[in-house]
Amino acid sequence: QVQPVESGGGLVQPGGSLRLACRASSPIFNMFTLAWYRQAPGTQRDLVAQISTLKTTTYADSVKGRFTISRDDAARTVYLQMDSLKPEDTAVYYCHVSLRGSFSWGQGTQVTVSS
């Protein structure tokens, strides 16, 4: 079973940037659909961005124009570049990898946007 591992979270001021990374050690990484979700305290886990095997991307309305998802299949890594961060972006961010109905979650990385 694939175990994604996230990195790159932390504390940032409003208007700042962070880049999250998620590595999944699998020889078939290029076949996975990859996504980032986030969950704030007391809320459900919501989709932030997704990237297909053909690098087609989708974004939640709340992050369009500010966040960019990308993948490097050779490095077996998916990234989430987050710019113009707002306090409401504060959450635990989870990496999600899926293939034909099977999926795995990362352990999550905390992102806190605060002055």
# chains A, B, ... in the order shown; residues from 1 in each chain; ligands from 1
$ select_by_dssp --residues "stretch 12-105 of chain A" --states "helix (DSSP H, G or I)" --output "list in words"
Phe29, Asn30, Met31, Asp61, Ser62, Val63, Pro87, Glu88 and Asp89 of chain A
$ write_last_selection --atoms "N, CA, C and O atoms" --output "mmCIF file, in the first residue's frame"
data_model
loop_
_atom_site.group_PDB
_atom_site.id
_atom_site.type_symbol
_atom_site.label_atom_id
_atom_site.label_comp_id
_atom_site.auth_asym_id
_atom_site.auth_seq_id
_atom_site.Cartn_x
_atom_site.Cartn_y
_atom_site.Cartn_z
ATOM 1 N N PHE A 29 3.553 5.601 -9.824
ATOM 2 C CA PHE A 29 3.114 6.941 -9.392
ATOM 3 C C PHE A 29 2.461 7.695 -10.537
ATOM 4 O O PHE A 29 1.493 8.420 -10.331
ATOM 5 N N ASN A 30 2.981 7.521 -11.749
ATOM 6 C CA ASN A 30 2.462 8.277 -12.882
ATOM 7 C C ASN A 30 1.020 7.915 -13.233
ATOM 8 O O ASN A 30 0.358 8.621 -13.992
ATOM 9 N N MET A 31 0.504 6.835 -12.661
ATOM 10 C CA MET A 31 -0.862 6.404 -12.931
ATOM 11 C C MET A 31 -1.870 6.953 -11.908
ATOM 12 O O MET A 31 -3.086 6.782 -12.073
ATOM 13 N N ASP A 61 -13.230 26.757 -5.503
ATOM 14 C CA ASP A 61 -13.421 28.175 -5.837
ATOM 15 C C ASP A 61 -12.638 29.085 -4.886
ATOM 16 O O ASP A 61 -12.140 30.130 -5.295
ATOM 17 N N SER A 62 -12.531 28.676 -3.641
ATOM 18 C CA SER A 62 -11.909 29.533 -2.628
ATOM 19 C C SER A 62 -10.404 29.714 -2.831
ATOM 20 O O SER A 62 -9.820 30.639 -2.250
ATOM 21 N N VAL A 63 -9.784 28.856 -3.652
ATOM 22 C CA VAL A 63 -8.325 28.950 -3.836
ATOM 23 C C VAL A 63 -7.927 29.262 -5.266
ATOM 24 O O VAL A 63 -6.733 29.426 -5.558
ATOM 25 N N PRO A 87 -6.045 34.007 6.467
ATOM 26 C CA PRO A 87 -6.282 33.276 7.722
ATOM 27 C C PRO A 87 -7.248 32.098 7.548
ATOM 28 O O PRO A 87 -7.080 31.061 8.209
ATOM 29 N N GLU A 88 -8.212 32.237 6.649
ATOM 30 C CA GLU A 88 -9.171 31.144 6.447
ATOM 31 C C GLU A 88 -8.572 29.943 5.717
ATOM 32 O O GLU A 88 -9.244 28.915 5.564
ATOM 33 N N ASP A 89 -7.324 30.041 5.267
ATOM 34 C CA ASP A 89 -6.634 28.888 4.698
ATOM 35 C C ASP A 89 -6.026 28.005 5.786
ATOM 36 O O ASP A 89 -5.503 26.928 5.481
#
$ closest_residue --among "A:Leu11, A:Ser26, A:Asp83, A:Arg38" --to "A:Ser114" --atoms "only C-alpha atoms"
A:Leu11
$ select_by_dssp --residues "stretch 7-77 of chain A" --states "strand (DSSP E or B)" --output "VMD selection string"
chain A and resid 7 10 to 12 18 to 23 33 to 39 46 to 51 57 to 59 67 to 72 77
$ closest_residue --among "A:Val92, A:Ile69, A:Val97, A:Leu85" --to "A:Gln13" --atoms "only C-alpha atoms"
A:Leu85
$ atom_distance --atom1 "atom CA of A:Trp105" --atom2 "atom CA of A:Ser84"
26.1 Å
$ closest_residue --among "A:Ser17, A:Thr33, A:Thr77, A:Ser7" --to "A:Tyr94" --atoms "only C-alpha atoms"
A:Ser7
$ residues_around --residues "A:Gln81" --least-positions-apart "4" --cutoff "10 Å" --atoms "only C-alpha atoms" --output "number ranges by chain"
A: 17-21, 66-70
$ closest_residue --among "A:Gly8, A:Thr58, A:Ile51, A:Thr90" --to "A:Val111" --atoms "only C-alpha atoms"
A:Thr90
$ atom_distance --atom1 "atom CA of A:Lys55" --atom2 "atom CA of A:Asp72"
10.0 Å
$ closest_residue --among "A:Gln39, A:Thr112, A:Thr57, A:Ser25" --to "A:Lys86" --atoms "only C-alpha atoms"
A:Thr112
$ closest_residue --among "A:Ala49, A:Leu54, A:Ala40, A:Ala75" --to "A:Pro27" --atoms "only C-alpha atoms"
A:Ala75
$ residues_around --residues "A:Cys95" --least-positions-apart "2" --cutoff "6 Å" --atoms "only C-alpha atoms" --output "list in words"
Ala35, Trp36, Trp105 and Gly106 of chain A
$ atom_distance --atom1 "atom CA of A:Pro14" --atom2 "atom CA of A:Ser115"
6.5 Å
